[in-house]
file entry32.csv (CSV, C-alpha atoms)
chain,number,residue,atom,x,y,z
U,1,MET,CA,26.4,120.4,55.5
U,2,ASN,CA,25.9,123.1,58.1
U,3,THR,CA,26.3,126.3,56.2
U,4,GLN,CA,26.2,128.4,59.4
U,5,GLN,CA,29.6,126.9,60.3
U,6,THR,CA,31.1,127.3,56.9
U,7,ALA,CA,29.8,130.7,55.9
U,8,LYS,CA,32.4,133.5,55.5
U,9,HIS,CA,31.9,136.4,57.9
U,10,VAL,CA,32.4,140.0,56.7
U,11,LEU,CA,32.7,143.0,58.9
U,12,MET,CA,31.2,146.3,57.6
U,13,VAL,CA,32.5,149.5,59.2
U,14,LEU,CA,30.4,152.6,59.0
U,15,THR,CA,31.1,156.2,60.0
U,16,SER,CA,29.7,157.8,63.1
U,17,HIS,CA,30.4,161.3,61.9
U,18,ALA,CA,27.4,163.5,61.1
U,19,GLU,CA,28.7,167.0,60.5
U,20,LEU,CA,29.8,168.1,57.1
U,21,GLY,CA,32.8,170.2,58.2
U,22,ASN,CA,31.7,173.8,59.2
U,23,SER,CA,29.0,173.9,56.5
U,24,GLY,CA,26.1,173.4,58.9
U,25,GLU,CA,25.0,170.5,56.7
U,26,LYS,CA,24.8,166.9,57.7
U,27,THR,CA,26.7,163.9,56.4
U,28,GLY,CA,27.2,160.3,57.4
U,29,PHE,CA,27.3,157.1,55.3
U,30,TRP,CA,25.9,156.9,51.7
U,31,VAL,CA,23.0,154.5,51.7
U,32,GLU,CA,23.9,152.9,48.3
U,33,GLU,CA,27.4,152.2,49.4
U,34,PHE,CA,26.2,150.2,52.4
U,35,ALA,CA,23.1,148.6,50.8
U,36,ALA,CA,24.6,147.3,47.6
U,37,PRO,CA,27.5,145.5,49.3
U,38,TYR,CA,25.4,144.3,52.2
U,39,TYR,CA,22.9,142.6,50.0
U,40,ALA,CA,25.7,141.2,47.7
U,41,PHE,CA,27.2,139.6,50.8
U,42,ILE,CA,23.9,138.4,52.3
U,43,ASP,CA,22.7,137.0,49.0
U,44,ALA,CA,25.9,135.1,48.6
U,45,GLY,CA,25.3,133.4,51.9
U,46,LEU,CA,27.8,135.3,53.9
U,47,LYS,CA,27.4,136.5,57.5
U,48,VAL,CA,27.6,140.2,58.0
U,49,THR,CA,28.4,142.2,61.2
U,50,VAL,CA,28.0,146.0,61.1
U,51,VAL,CA,30.0,148.3,63.4
U,52,SER,CA,30.8,152.0,63.8
U,53,PRO,CA,33.2,154.0,66.0
U,54,GLU,CA,30.4,155.1,68.4
U,55,GLY,CA,28.1,152.1,68.0
U,56,GLY,CA,24.3,152.5,67.7
U,57,GLN,CA,22.7,154.1,64.7
U,58,PRO,CA,25.2,155.5,62.2
U,59,PRO,CA,24.2,158.8,60.6
U,60,ILE,CA,22.9,158.6,57.1
U,61,ASP,CA,23.9,161.3,54.6
U,62,PRO,CA,20.6,162.9,53.9
U,63,LYS,CA,21.6,163.6,50.2
U,64,SER,CA,21.9,159.8,49.7
U,65,GLN,CA,18.1,159.5,50.4
U,66,LEU,CA,17.1,161.9,47.6
U,67,ALA,CA,15.1,160.4,44.7
U,68,ASP,CA,18.0,160.8,42.2
U,69,PHE,CA,20.2,158.4,44.2
U,70,GLN,CA,17.7,155.6,44.7
U,71,THR,CA,18.7,152.1,43.3
U,72,PRO,CA,17.1,148.7,43.7
U,73,SER,CA,19.5,148.2,46.7
U,74,THR,CA,18.5,151.4,48.5
U,75,LYS,CA,14.8,150.5,48.0
U,76,ARG,CA,15.4,147.1,49.4
U,77,TYR,CA,17.2,148.7,52.3
U,78,ASP,CA,14.3,151.1,53.0
U,79,GLU,CA,11.8,148.2,53.1
U,80,ASP,CA,14.0,145.8,55.2
U,81,ASN,CA,12.9,146.0,58.8
U,82,GLY,CA,15.6,143.5,59.8
U,83,VAL,CA,18.4,145.6,58.5
U,84,GLN,CA,16.9,148.7,60.1
U,85,ALA,CA,17.0,147.0,63.4
U,86,LEU,CA,20.5,145.9,62.8
U,87,MET,CA,21.6,149.4,61.9
U,88,ALA,CA,20.0,150.9,65.0
U,89,ASN,CA,22.3,148.8,67.2
U,90,THR,CA,25.7,148.6,65.5
U,91,THR,CA,28.5,147.3,67.7
U,92,LYS,CA,31.3,149.6,68.7
U,93,LEU,CA,34.3,149.4,66.5
U,94,ALA,CA,36.6,149.0,69.5
U,95,ASP,CA,34.7,145.9,70.6
U,96,VAL,CA,35.5,143.8,67.5
U,97,ASP,CA,38.4,141.3,66.9
U,98,ALA,CA,39.7,140.9,63.4
U,99,ALA,CA,40.3,137.2,64.1
U,100,ASP,CA,36.5,136.7,64.1
U,101,TYR,CA,36.1,137.8,60.5
U,102,ASP,CA,37.3,136.8,57.0
U,103,ALA,CA,37.2,140.3,55.4
U,104,VAL,CA,36.3,143.9,56.1
U,105,PHE,CA,34.4,146.4,53.9
U,106,TYR,CA,34.2,150.1,54.5
U,107,PRO,CA,31.2,151.9,52.8
U,108,GLY,CA,31.7,155.6,52.1
U,109,GLY,CA,29.8,158.9,52.4
U,110,HIS,CA,31.8,161.9,53.5
U,111,GLY,CA,31.8,160.9,57.2
U,112,PRO,CA,34.8,158.6,57.0
U,113,LEU,CA,37.0,161.5,56.0
U,114,TRP,CA,36.6,162.8,59.6
U,115,ASP,CA,36.3,159.8,61.9
U,116,LEU,CA,38.0,156.8,60.1
U,117,THR,CA,41.1,158.3,58.5
U,118,ASP,CA,43.1,158.7,61.7
U,119,ASN,CA,41.1,156.3,63.9
U,120,VAL,CA,43.7,154.2,65.7
U,121,VAL,CA,41.3,151.4,66.4
U,122,SER,CA,40.3,151.2,62.7
U,123,ILE,CA,44.0,151.4,61.6
U,124,SER,CA,44.9,148.6,64.0
U,125,LEU,CA,42.0,146.5,62.8
U,126,ILE,CA,42.9,146.9,59.1
U,127,GLU,CA,46.5,146.1,59.8
U,128,SER,CA,45.4,143.0,61.6
U,129,PHE,CA,43.4,141.8,58.6
U,130,LEU,CA,46.3,142.4,56.2
U,131,ALA,CA,48.8,140.7,58.5
U,132,ALA,CA,46.5,137.6,58.6
U,133,ASN,CA,46.3,137.6,54.8
U,134,LYS,CA,42.6,138.7,54.8
U,135,PRO,CA,41.2,141.1,52.1
U,136,VAL,CA,40.2,144.6,53.0
U,137,ALA,CA,37.8,146.7,50.8
U,138,ALA,CA,36.4,150.3,50.7
U,139,VAL,CA,34.4,152.4,48.3
U,140,CYS,CA,34.3,156.1,47.5
U,141,HIS,CA,35.4,158.3,50.5
U,142,ALA,CA,36.0,155.3,52.7
U,143,THR,CA,39.2,154.6,50.9
U,144,ALA,CA,40.4,157.3,53.3
U,145,ALA,CA,40.4,154.5,56.0
U,146,PHE,CA,43.4,153.0,54.2
U,147,LEU,CA,45.5,156.2,54.0
U,148,ASN,CA,47.4,155.7,57.3
U,149,ILE,CA,47.7,151.9,57.2
U,150,LYS,CA,51.3,150.6,57.3
U,151,ASP,CA,52.9,147.3,56.7
U,152,ALA,CA,55.3,145.4,58.9
U,153,ALA,CA,58.2,147.4,57.3
U,154,GLY,CA,56.5,150.7,58.2
U,155,GLU,CA,55.6,151.6,54.7
U,156,TYR,CA,52.2,152.9,53.7
U,157,VAL,CA,50.1,150.0,52.4
U,158,VAL,CA,48.8,152.0,49.5
U,159,LYS,CA,52.4,152.7,48.3
U,160,ASP,CA,53.0,151.3,44.8
U,161,LYS,CA,49.4,149.8,44.9
U,162,ALA,CA,46.7,150.4,42.4
U,163,VAL,CA,44.0,152.2,44.3
U,164,THR,CA,41.0,154.4,43.7
U,165,GLY,CA,38.5,156.6,45.6
U,166,PHE,CA,36.3,159.6,45.1
U,167,THR,CA,38.1,161.8,42.5
U,168,ASN,CA,39.0,165.5,42.8
U,169,SER,CA,36.7,166.3,39.9
U,170,GLU,CA,33.8,164.4,41.6
U,171,GLU,CA,34.4,166.4,44.8
U,172,ASP,CA,34.3,169.5,42.7
U,173,ALA,CA,31.1,168.4,41.0
U,174,VAL,CA,29.3,168.1,44.4
U,175,GLN,CA,30.8,171.5,45.4
U,176,LEU,CA,32.6,170.2,48.5
U,177,THR,CA,36.2,170.8,47.6
U,178,ASP,CA,36.5,173.6,50.1
U,179,ILE,CA,34.5,171.8,52.9
U,180,VAL,CA,36.3,168.4,53.1
U,181,PRO,CA,39.4,168.1,55.3
U,182,PHE,CA,41.4,166.8,52.4
U,183,LEU,CA,41.0,165.6,48.8
U,184,LEU,CA,41.2,161.8,48.8
U,185,GLU,CA,42.8,161.5,45.3
U,186,ASP,CA,45.6,163.9,46.3
U,187,GLU,CA,46.3,162.1,49.6
U,188,LEU,CA,46.4,158.6,48.0
U,189,ILE,CA,48.9,159.9,45.5
U,190,LYS,CA,51.0,161.6,48.3
U,191,ARG,CA,51.4,158.2,50.0
U,192,GLY,CA,52.7,156.7,46.8
U,193,GLY,CA,49.5,155.0,45.7
U,194,LYS,CA,49.1,154.3,42.0
U,195,TYR,CA,45.9,156.2,41.8
U,196,GLN,CA,43.5,155.1,39.1
U,197,LYS,CA,40.1,156.4,38.0
U,198,ALA,CA,37.4,156.2,35.4
U,199,ASP,CA,35.4,159.2,34.2
U,200,ASP,CA,33.3,160.8,36.9
U,201,TRP,CA,30.3,158.7,38.1
U,202,ASN,CA,31.3,155.7,36.1
U,203,VAL,CA,31.7,152.3,37.7
U,204,PHE,CA,35.4,151.6,38.6
U,205,ALA,CA,37.0,149.3,41.2
U,206,VAL,CA,40.4,147.9,41.4
U,207,GLN,CA,42.1,145.1,43.4
U,208,ASP,CA,45.8,145.0,44.2
U,209,GLY,CA,46.8,142.1,46.4
U,210,LEU,CA,44.5,142.2,49.5
U,211,VAL,CA,43.4,145.8,48.9
U,212,ILE,CA,40.2,146.4,47.0
U,213,THR,CA,38.9,150.0,46.4
U,214,GLY,CA,35.9,151.5,44.5
U,215,GLN,CA,35.8,155.0,43.1
U,216,ASN,CA,32.3,156.3,43.8
U,217,PRO,CA,28.8,155.2,44.8
U,218,GLN,CA,28.2,153.7,41.4
U,219,SER,CA,31.2,151.3,42.2
U,220,SER,CA,29.9,149.9,45.5
U,221,ASP,CA,28.5,146.7,43.9
U,222,LEU,CA,31.6,146.0,41.9
U,223,ALA,CA,33.9,146.5,44.9
U,224,ALA,CA,31.7,144.1,46.8
U,225,LYS,CA,31.9,141.5,44.0
U,226,LYS,CA,35.7,141.8,44.0
U,227,LEU,CA,35.7,141.1,47.7
U,228,LEU,CA,33.4,138.1,47.2
U,229,ALA,CA,35.8,136.8,44.5
U,230,ALA,CA,38.7,137.2,46.9
U,231,LEU,CA,36.9,135.2,49.5
U,232,ALA,CA,35.9,132.4,47.2
call {"tool": "encode", "arguments": {"input": "entry32.csv", "output": "structure tokens"}}
result
Amino acid sequence: MNTQQTAKHVLMVLTSHAELGNSGEKTGFWVEEFAAPYYAFIDAGLKVTVVSPEGGQPPIDPKSQLADFQTPSTKRYDEDNGVQALMANTTKLADVDAADYDAVFYPGGHGPLWDLTDNVVSISLIESFLAANKPVAAVCHATAAFLNIKDAAGEYVVKDKAVTGFTNSEEDAVQLTDIVPFLLEDELIKRGGKYQKADDWNVFAVQDGLVITGQNPQSSDLAAKKLLAALA
């Protein structure tokens, strides 16, 4: 069997946003939230394409490179020259077609709050995946990418769905409540989502239909495994 022809193809969408509000600090994507799912997909034999709104090298949240946040996946990422080359040349989000992929995964970091929440290209892409009965997944702050997705009837997709994302208390713990443009937990609830969560920094991910969400960086691997199961 030619596995190249039968392998599922996952699109991973990263932020291009590097500024943490008006704080003067940098943000971007959280390395663990990309690395753990990326390797889960690759190790399962899936093909992965990485894109971002602006293309090229997506900004890395510098805090995610601190010693406290290193995991086997981030260490593997740091030592993987192939993935470094891949990341330096991500395709522009506007240049991809949902029809070419079997699923999409949005890693977090604070960046998506700014450039993926209201991004019309991203919104259209996710709506295309859902309309084609394909699963969509996000972890941590990247659940913000699902906030403005609507179904064919014009209802928010998260309405009446079990969803999760970075909690208000986790945002408070990292002292960014007054910096972020909105609190993700609050916004998911405002749109009618059945918001669920575990205790801060615990592993938690939930699937409701085609929508898979993870709470925090610790939940990135579980969210990826739920997406793999949905593709099986």
call {"tool": "closest_atom_pairs", "arguments": {"input": "entry32.csv", "of": "segment 60-111 of chain U", "to": "segment 210-220 of chain U", "cutoff": "10 Å", "atoms": "only C-alpha atoms", "output": "tab-separated table"}}
result
residue	atom	partner	partner_atom	distance
U:Ser64	CA	U:Pro217	CA	9.6
U:Phe69	CA	U:Pro217	CA	9.2
U:Thr71	CA	U:Gln218	CA	9.8
U:Ala103	CA	U:Leu210	CA	9.6
U:Phe105	CA	U:Ile212	CA	9.0
U:Tyr106	CA	U:Thr213	CA	9.4
U:Pro107	CA	U:Ser220	CA	7.7
U:Gly108	CA	U:Pro217	CA	7.9
U:Gly109	CA	U:Pro217	CA	8.5
call {"tool": "write_last_selection", "arguments": {"input": "entry32.csv", "atoms": "C-alpha atoms", "output": "compact mmCIF listing (two decimals), in the coordinates of the input"}}
result
# COMPACT_ATOMS: atom_id res chain seq x y z
CA SER U 64 21.90 159.80 49.70
CA PHE U 69 20.20 158.40 44.20
CA THR U 71 18.70 152.10 43.30
CA ALA U 103 37.20 140.30 55.40
CA PHE U 105 34.40 146.40 53.90
CA TYR U 106 34.20 150.10 54.50
CA PRO U 107 31.20 151.90 52.80
CA GLY U 108 31.70 155.60 52.10
CA GLY U 109 29.80 158.90 52.40
call {"tool": "residues_around", "arguments": {"input": "entry32.csv", "residues": "segment 173-185 of chain U", "least_positions_apart": "3", "cutoff": "8 Å", "atoms": "all atoms listed in the file", "output": "PyMOL selection string"}}
result
chain U and resi 20-23+110+113-114+141+143-144+164-170+188-189+195
call {"tool": "residues_around", "arguments": {"input": "entry32.csv", "residues": "Ser52 of chain U", "least_positions_apart": "2", "cutoff": "6 Å", "atoms": "only C-alpha atoms", "output": "ChimeraX atom specification"}}
result
/U:13-16,54-55,92-93
call {"tool": "residues_around", "arguments": {"input": "entry32.csv", "residues": "Leu11 of chain U", "least_positions_apart": "2", "cutoff": "12 Å", "atoms": "only C-alpha atoms", "output": "compact mmCIF listing (two decimals) with C-alpha atoms, keeping the file's coordinate frame"}}
result
# COMPACT_ATOMS: atom_id res chain seq x y z
CA LYS U 8 32.40 133.50 55.50
CA HIS U 9 31.90 136.40 57.90
CA VAL U 13 32.50 149.50 59.20
CA LEU U 14 30.40 152.60 59.00
CA PHE U 34 26.20 150.20 52.40
CA PRO U 37 27.50 145.50 49.30
CA TYR U 38 25.40 144.30 52.20
CA PHE U 41 27.20 139.60 50.80
CA ILE U 42 23.90 138.40 52.30
CA LEU U 46 27.80 135.30 53.90
CA LYS U 47 27.40 136.50 57.50
CA VAL U 48 27.60 140.20 58.00
CA THR U 49 28.40 142.20 61.20
CA VAL U 50 28.00 146.00 61.10
CA VAL U 51 30.00 148.30 63.40
CA SER U 52 30.80 152.00 63.80
CA THR U 90 25.70 148.60 65.50
CA THR U 91 28.50 147.30 67.70
CA LYS U 92 31.30 149.60 68.70
CA LEU U 93 34.30 149.40 66.50
CA VAL U 96 35.50 143.80 67.50
CA ASP U 97 38.40 141.30 66.90
CA ALA U 98 39.70 140.90 63.40
CA ALA U 99 40.30 137.20 64.10
CA ASP U 100 36.50 136.70 64.10
CA TYR U 101 36.10 137.80 60.50
CA ASP U 102 37.30 136.80 57.00
CA ALA U 103 37.20 140.30 55.40
CA VAL U 104 36.30 143.90 56.10
CA PHE U 105 34.40 146.40 53.90
CA TYR U 106 34.20 150.10 54.50
CA PRO U 107 31.20 151.90 52.80
CA SER U 122 40.30 151.20 62.70
CA LEU U 125 42.00 146.50 62.80
CA ILE U 126 42.90 146.90 59.10
CA PHE U 129 43.40 141.80 58.60
CA LYS U 134 42.60 138.70 54.80
CA PRO U 135 41.20 141.10 52.10
CA VAL U 136 40.20 144.60 53.00
CA ALA U 137 37.80 146.70 50.80
CA ALA U 138 36.40 150.30 50.70
CA LEU U 227 35.70 141.10 47.70
call {"tool": "closest_residue", "arguments": {"input": "entry32.csv", "among": "U:Leu147, U:Ala94, U:Val121, U:Ala205", "to": "Ala224 of chain U", "atoms": "all atoms listed in the file"}}
result
U:Ala205
call {"tool": "atom_distance", "arguments": {"input": "entry32.csv", "atom1": "atom CA of Lys159 of chain U", "atom2": "atom CA of Lys190 of chain U"}}
result
9.0 Å
call {"tool": "atom_distance", "arguments": {"input": "entry32.csv", "atom1": "atom CA of Arg191 of chain U", "atom2": "atom CA of Gly111 of chain U"}}
result
21.1 Å
call {"tool": "closest_residue", "arguments": {"input": "entry32.csv", "among": "U:Pro72, U:Gly154, U:Pro53, U:Gly24", "to": "Leu116 of chain U", "atoms": "only C-alpha atoms"}}
result
U:Pro53
call {"tool": "build_atoms", "arguments": {"input": "entry32.csv", "residues": "segment 52-63 of chain U", "atoms": "N, CA and C atoms", "output": "PDB file, in the coordinates of the input"}}
result
ATOM      1  N   SER U  52      30.457 150.549  64.025  1.00  0.00           N
ATOM      2  CA  SER U  52      30.800 152.000  63.800  1.00  0.00           C
ATOM      3  C   SER U  52      31.575 152.454  65.017  1.00  0.00           C
ATOM      4  N   PRO U  53      32.320 153.540  64.874  1.00  0.00           N
ATOM      5  CA  PRO U  53      33.200 154.000  66.000  1.00  0.00           C
ATOM      6  C   PRO U  53      32.390 154.211  67.294  1.00  0.00           C
ATOM      7  N   GLU U  54      31.192 154.769  67.208  1.00  0.00           N
ATOM      8  CA  GLU U  54      30.400 155.100  68.400  1.00  0.00           C
ATOM      9  C   GLU U  54      29.358 154.048  68.734  1.00  0.00           C
ATOM     10  N   GLY U  55      29.137 153.098  67.841  1.00  0.00           N
ATOM     11  CA  GLY U  55      28.100 152.100  68.000  1.00  0.00           C
ATOM     12  C   GLY U  55      26.708 152.760  67.821  1.00  0.00           C
ATOM     13  N   GLY U  56      25.664 151.950  67.947  1.00  0.00           N
ATOM     14  CA  GLY U  56      24.300 152.500  67.700  1.00  0.00           C
ATOM     15  C   GLY U  56      24.043 152.815  66.287  1.00  0.00           C
ATOM     16  N   GLN U  57      23.093 153.716  66.055  1.00  0.00           N
ATOM     17  CA  GLN U  57      22.700 154.100  64.700  1.00  0.00           C
ATOM     18  C   GLN U  57      23.677 155.010  64.029  1.00  0.00           C
ATOM     19  N   PRO U  58      24.324 154.567  62.959  1.00  0.00           N
ATOM     20  CA  PRO U  58      25.200 155.500  62.200  1.00  0.00           C
ATOM     21  C   PRO U  58      24.405 156.516  61.482  1.00  0.00           C
ATOM     22  N   PRO U  59      24.924 157.740  61.364  1.00  0.00           N
ATOM     23  CA  PRO U  59      24.200 158.800  60.600  1.00  0.00           C
ATOM     24  C   PRO U  59      24.167 158.521  59.146  1.00  0.00           C
ATOM     25  N   ILE U  60      23.042 158.774  58.539  1.00  0.00           N
ATOM     26  CA  ILE U  60      22.900 158.600  57.100  1.00  0.00           C
ATOM     27  C   ILE U  60      23.053 159.995  56.441  1.00  0.00           C
ATOM     28  N   ASP U  61      23.839 160.046  55.369  1.00  0.00           N
ATOM     29  CA  ASP U  61      23.900 161.300  54.600  1.00  0.00           C
ATOM     30  C   ASP U  61      22.579 161.573  53.986  1.00  0.00           C
ATOM     31  N   PRO U  62      21.942 162.684  54.370  1.00  0.00           N
ATOM     32  CA  PRO U  62      20.600 162.900  53.900  1.00  0.00           C
ATOM     33  C   PRO U  62      20.502 163.029  52.345  1.00  0.00           C
ATOM     34  N   LYS U  63      21.584 163.463  51.708  1.00  0.00           N
ATOM     35  CA  LYS U  63      21.600 163.600  50.200  1.00  0.00           C
ATOM     36  C   LYS U  63      21.422 162.177  49.596  1.00  0.00           C
TER      37      LYS U  63
END
